[in-house]
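Asks: Below is the file my_file_6.cif, which contains mmCIF, C-alpha atoms.
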```
data_work
#
loop_
_atom_site.label_atom_id
_atom_site.label_comp_id
_atom_site.auth_asym_id
_atom_site.auth_seq_id
_atom_site.Cartn_x
_atom_site.Cartn_y
_atom_site.Cartn_z
CA MET I 25 -13.06 -5.70 -7.86
CA ALA I 26 -11.45 -6.07 -11.25
CA THR I 27 -9.16 -8.99 -12.07
CA ALA I 28 -5.58 -8.88 -13.31
CA LYS I 29 -6.85 -10.26 -16.64
CA GLU I 30 -9.24 -7.31 -16.98
CA VAL I 31 -6.41 -4.86 -16.24
CA THR I 32 -4.32 -6.68 -18.87
CA LYS I 33 -7.05 -6.26 -21.49
CA LEU I 34 -7.43 -2.59 -20.59
CA PHE I 35 -3.69 -1.96 -20.92
CA MET I 36 -3.62 -3.85 -24.22
CA SER I 37 -6.51 -1.80 -25.59
CA TRP I 38 -4.60 1.37 -24.70
CA ALA I 39 -1.39 -0.03 -26.19
CA ASN I 40 -3.27 -0.73 -29.43
CA ARG I 41 -4.69 2.79 -29.42
CA ASP I 42 -1.28 4.37 -28.81
CA GLY I 43 0.87 2.04 -30.93
CA ASP I 44 2.74 0.66 -27.90
CA LEU I 45 4.16 -2.86 -27.95
CA ILE I 46 3.92 -4.85 -24.73
CA THR I 47 5.47 -8.27 -24.10
CA ASN I 48 4.34 -10.74 -21.47
CA LEU I 49 7.40 -9.80 -19.42
CA LYS I 50 6.52 -6.12 -19.49
CA MET I 51 2.83 -6.77 -18.80
CA GLN I 52 3.71 -8.71 -15.66
CA LYS I 53 5.70 -5.80 -14.31
CA LEU I 54 3.04 -3.25 -15.28
CA LEU I 55 0.46 -5.28 -13.36
CA TYR I 56 2.76 -5.55 -10.36
CA TYR I 57 3.41 -1.82 -10.19
CA ALA I 58 -0.26 -0.99 -10.84
CA GLN I 59 -1.13 -3.16 -7.85
CA ALA I 60 1.64 -1.70 -5.68
CA TRP I 61 0.76 1.94 -6.28
CA HIS I 62 -2.97 1.24 -5.97
CA LEU I 63 -2.25 -0.17 -2.50
CA VAL I 64 -0.40 3.04 -1.62
CA ASN I 65 -2.99 5.43 -3.06
CA TYR I 66 -6.23 3.66 -2.10
CA ASN I 67 -5.22 1.34 0.76
CA LYS I 68 -6.69 -1.67 -1.03
CA PRO I 69 -5.71 -4.02 -3.86
CA LEU I 70 -6.65 -3.22 -7.43
CA PHE I 71 -7.17 -6.92 -8.19
CA PRO I 72 -7.30 -10.08 -6.05
CA ASP I 73 -4.89 -12.21 -8.10
CA PRO I 74 -1.74 -13.37 -6.29
CA ILE I 75 1.64 -12.13 -7.50
CA GLN I 76 4.61 -14.47 -7.33
CA ALA I 77 8.35 -13.76 -7.24
CA TRP I 78 9.76 -15.48 -10.33
CA ASP I 79 13.37 -15.24 -11.51
CA LEU I 80 12.57 -12.39 -13.91
CA GLY I 81 10.53 -10.50 -11.36
CA PRO I 82 6.91 -10.37 -10.23
CA VAL I 83 4.41 -12.52 -12.15
CA ILE I 84 0.66 -13.13 -12.00
CA PRO I 85 0.57 -16.83 -12.97
CA SER I 86 -2.92 -16.81 -14.50
CA VAL I 87 -2.04 -13.89 -16.80
CA TYR I 88 1.33 -15.42 -17.63
CA ARG I 89 -0.36 -18.64 -18.77
CA ASP I 90 -2.79 -16.69 -20.97
CA LEU I 91 0.06 -14.77 -22.64
CA ARG I 92 2.85 -17.34 -22.82
CA GLU I 93 2.05 -18.19 -26.44
CA PHE I 94 3.55 -14.80 -27.39
CA ARG I 95 6.87 -15.80 -25.79
CA ALA I 96 9.19 -12.75 -25.88
CA GLY I 97 7.23 -11.04 -28.67
CA ALA I 98 4.62 -8.32 -28.49
CA ILE I 99 1.20 -9.43 -27.31
CA ALA I 100 -1.39 -9.51 -30.09
CA TYR I 101 -4.73 -8.27 -28.78
CA LYS I 102 -7.87 -7.26 -30.63
CA SER I 103 -9.63 -4.54 -28.67
CA LYS I 104 -13.31 -5.12 -28.10
CA GLY I 105 -14.09 -1.54 -27.08
CA ASP I 106 -15.61 -2.52 -23.74
CA GLU I 107 -12.44 -2.95 -21.71
CA GLU I 108 -13.16 0.04 -19.46
CA LYS I 109 -16.56 -1.26 -18.29
CA HIS I 110 -15.01 -3.40 -15.52
CA PHE I 111 -13.63 -0.38 -13.66
CA THR I 112 -15.01 2.44 -11.56
CA ARG I 113 -14.39 6.03 -12.59
CA GLU I 114 -11.81 6.30 -9.77
CA GLN I 115 -9.99 3.16 -10.95
CA LEU I 116 -9.93 4.36 -14.56
CA SER I 117 -8.53 7.71 -13.51
CA TYR I 118 -5.82 5.98 -11.50
CA LEU I 119 -5.03 3.47 -14.26
CA LYS I 120 -4.78 6.16 -16.94
CA GLU I 121 -2.32 8.14 -14.83
CA PHE I 122 -0.37 4.99 -13.93
CA TYR I 123 -0.22 3.79 -17.55
CA ALA I 124 1.00 7.16 -18.81
CA MET I 125 3.84 7.09 -16.27
CA PHE I 126 4.91 3.44 -16.58
CA ILE I 127 4.43 2.54 -20.25
CA LYS I 128 7.62 4.42 -21.13
CA PHE I 129 9.78 1.93 -19.20
CA SER I 130 11.16 -1.08 -21.06
CA ALA I 131 10.52 -4.58 -19.79
CA HIS I 132 14.12 -4.86 -18.65
CA GLU I 133 14.04 -1.52 -16.84
CA LEU I 134 10.97 -2.75 -14.95
CA VAL I 135 12.67 -6.08 -14.19
CA ASN I 136 15.72 -4.26 -12.84
CA MET I 137 13.53 -1.96 -10.75
CA SER I 138 11.61 -4.86 -9.20
CA HIS I 139 14.82 -6.82 -8.57
CA SER I 140 16.25 -3.94 -6.54
CA GLU I 141 13.18 -3.63 -4.32
CA THR I 142 12.37 -5.42 -1.07
CA PRO I 143 8.99 -7.05 -1.86
CA TRP I 144 10.34 -9.17 -4.74
CA MET I 145 13.69 -9.82 -3.03
CA LYS I 146 12.04 -10.93 0.22
CA ALA I 147 9.68 -13.38 -1.51
CA HIS I 148 12.28 -14.64 -3.99
CA THR I 149 14.82 -15.50 -1.28
CA GLN I 150 12.17 -17.68 0.40
CA GLY I 151 12.04 -19.99 -2.61
CA ALA I 152 10.91 -20.40 -6.20
CA ASN I 153 7.61 -18.74 -7.10
CA MET I 154 6.76 -17.55 -3.60
CA GLU I 155 3.87 -15.12 -3.31
CA ILE I 156 4.74 -11.45 -2.87
CA ARG I 157 2.58 -10.28 -0.01
CA THR I 158 0.45 -7.18 -0.63
CA SER I 159 1.33 -6.02 2.89
CA ASP I 160 5.02 -6.06 1.93
CA MET I 161 4.25 -4.15 -1.25
CA LYS I 162 2.20 -1.51 0.53
CA THR I 163 4.79 -1.02 3.28
CA PHE I 164 7.71 -0.71 0.85
CA TYR I 165 6.07 1.58 -1.72
CA LEU I 166 4.41 3.79 0.89
CA ASP I 167 7.83 4.29 2.49
CA LEU I 168 9.35 4.98 -0.94
CA TYR I 169 6.62 7.53 -1.67
CA ARG I 170 7.18 9.28 1.66
CA ARG I 171 10.96 9.41 1.18
CA ARG I 172 10.65 10.90 -2.31
CA LYS I 173 8.00 13.38 -1.19
CA HIS I 174 10.42 14.79 1.40
CA GLN I 175 13.41 15.12 -0.94
#
```
Could you write out this file's structure as structure tokens?
Replies:
Amino acid sequence: MATAKEVTKLFMSWANRDGDLITNLKMQKLLYYAQAWHLVNYNKPLFPDPIQAWDLGPVIPSVYRDLREFRAGAIAYKSKGDEEKHFTREQLSYLKEFYAMFIKFSAHELVNMSHSETPWMKAHTQGANMEIRTSDMKTFYLDLYRRRKHQ
């Protein structure tokens, strides 16, 4: 299983390739939604790292600490060219499709989305930096998928 840090490096290598700028805030939300939709599509987590409900939305603390030096600015990352090696063909296919759909959202759009959804709200109301349970994510986003499919 890949780690959230490996997904971060993969997304940054693609951002470099495409000329996209990603802040720590945006990366946190991209990781959250990548995890959520992987749970829906494959019935298992993409990465094992816990996600916490912080004031500005979902956060993977270990990734946050690695990227905090960039503050609100774009993350500087030098691609090594081997970022894809940590993923299966199925994971890469999923991540490419996910990235193409979600990179277009701004950090603040992603924050607003997460703030209006049950998994973050449920964890955040329990206290500062509470873990967002993957079971809550899967239940909520699977229901969301089913509702949109039937519209």
Asks: Name the residues that the PyMOL selection byres ((chain I and resi 160-166) around 9) picks from the file above, as a list in words, using the file's chain letters and numbers.
Replies: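 When the PyMOL selection byres ((chain I and resi 160-166) around 9) is applied to the shown file, the picked residues are Gln59, Ala60, Trp61, His62, Leu63, Val64, Asn65, Asn67, Glu141, Thr142, Pro143, Trp144, Lys146, Ile156, Arg157, Thr158, Ser159, Asp167, Leu168, Tyr169, Arg170 and Arg171 of chain I.
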Asks: Using all atoms listed in the file, what table do you get, as CSV, when you list each residue of region 129-151 of chain I with an atom no more than 12 Å from region 51-57 of chain I, its nearest pair of atoms, and their distance in Å rounded to one decimal, rows by chain then rising number?
Replies:
```
residue,atom,partner,partner_atom,distance
I:Phe129,CA,I:Leu54,CA,9.4
I:Ser130,CA,I:Lys53,CA,9.9
I:Ala131,CA,I:Lys53,CA,7.4
I:His132,CA,I:Lys53,CA,9.5
I:Glu133,CA,I:Lys53,CA,9.7
I:Leu134,CA,I:Lys53,CA,6.1
I:Val135,CA,I:Lys53,CA,7.0
I:Asn136,CA,I:Lys53,CA,10.2
I:Met137,CA,I:Lys53,CA,9.4
I:Ser138,CA,I:Lys53,CA,7.9
I:His139,CA,I:Lys53,CA,10.8
I:Glu141,CA,I:Tyr57,CA,11.5
I:Pro143,CA,I:Tyr56,CA,10.6
I:Trp144,CA,I:Tyr56,CA,10.1
```
Asks: From the options I:Leu70, I:Arg41, I:Lys102, I:Arg172, which residue's atoms come nearest to Leu116 (chain I), counting only C-alpha atoms?
Replies: I:Leu70
Asks: Measuring between only C-alpha atoms, which one of I:Ala26, I:Phe71, I:Ile127, I:Tyr66 shows the shortest distance to Leu45 (chain I)?
Replies: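 Under the stated criterion, the closest residue is I:Ile127.
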Asks: Do you have the CA of Gly105 (chain I)-CA of Thr32 (chain I) distance handy?
Replies: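 Result for CA of Gly105 (chain I) versus CA of Thr32 (chain I): 13.8 Å, one decimal.
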Asks: Let me make sure I understand: among I:Thr149, I:Ser117, I:Ser140, I:Asn40, which one has the smallest atom-to-atom distance to Ala77 (chain I) if we use all atoms listed in the file?
Replies: I:Thr149
Asks: Between I:Phe122, I:Glu108, I:Pro69, I:Leu49, which residue has the minimum interatomic distance to Arg92 (chain I), considering all atoms listed in the file?
Replies: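 For Arg92 (chain I), the nearest of the candidates is I:Leu49.
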Asks: What separation in Å, quoted to one decimal, exists between CA of Lys120 (chain I) and CA of Gln76 (chain I)?
Replies: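 Going from CA of Lys120 (chain I) over to CA of Gln76 (chain I) covers 24.6 Å.
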Asks: Tell me, in Å to one decimal, how far CA of Lys50 (chain I) is from CA of Ser37 (chain I).
Replies: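 Result for CA of Lys50 (chain I) versus CA of Ser37 (chain I): 15.0 Å, one decimal.
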Asks: If I put a ball of radius 12 Å at (-2.6, 3.0, -26.6) in the file's coordinates, which residues poke into it when counting all atoms listed in the file, written as a list in words?
Replies: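 All residues meeting the 12 Å criterion around (-2.6, 3.0, -26.6) are Lys33, Leu34, Phe35, Met36, Ser37, Trp38, Ala39, Asn40, Arg41, Asp42, Gly43, Asp44, Leu45, Ile46, Tyr101, Ser103, Lys120, Tyr123, Ala124, Ile127 and Lys128 of chain I.
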Asks: List the residues selected by the PyMOL selection byres ((chain I and resi 25) around 12) in the file shown, writing them as a PDB file with C-alpha atoms, in the frame of the given file.
Replies:
```
ATOM      1  CA  ALA I  26     -11.450  -6.070 -11.250  1.00  0.00           C
ATOM      2  CA  THR I  27      -9.160  -8.990 -12.070  1.00  0.00           C
ATOM      3  CA  ALA I  28      -5.580  -8.880 -13.310  1.00  0.00           C
ATOM      4  CA  LYS I  29      -6.850 -10.260 -16.640  1.00  0.00           C
ATOM      5  CA  GLU I  30      -9.240  -7.310 -16.980  1.00  0.00           C
ATOM      6  CA  VAL I  31      -6.410  -4.860 -16.240  1.00  0.00           C
ATOM      7  CA  LYS I  68      -6.690  -1.670  -1.030  1.00  0.00           C
ATOM      8  CA  PRO I  69      -5.710  -4.020  -3.860  1.00  0.00           C
ATOM      9  CA  LEU I  70      -6.650  -3.220  -7.430  1.00  0.00           C
ATOM     10  CA  PHE I  71      -7.170  -6.920  -8.190  1.00  0.00           C
ATOM     11  CA  PRO I  72      -7.300 -10.080  -6.050  1.00  0.00           C
ATOM     12  CA  ASP I  73      -4.890 -12.210  -8.100  1.00  0.00           C
ATOM     13  CA  LYS I 109     -16.560  -1.260 -18.290  1.00  0.00           C
ATOM     14  CA  HIS I 110     -15.010  -3.400 -15.520  1.00  0.00           C
ATOM     15  CA  PHE I 111     -13.630  -0.380 -13.660  1.00  0.00           C
ATOM     16  CA  THR I 112     -15.010   2.440 -11.560  1.00  0.00           C
ATOM     17  CA  GLN I 115      -9.990   3.160 -10.950  1.00  0.00           C
TER      18      GLN I 115
END
```
Asks: Quick one: of I:Asn48, I:Pro85, I:Ala58, I:Lys104, who's nearest to Glu121 (chain I), counting all atoms listed in the file?
Replies: I:Ala58
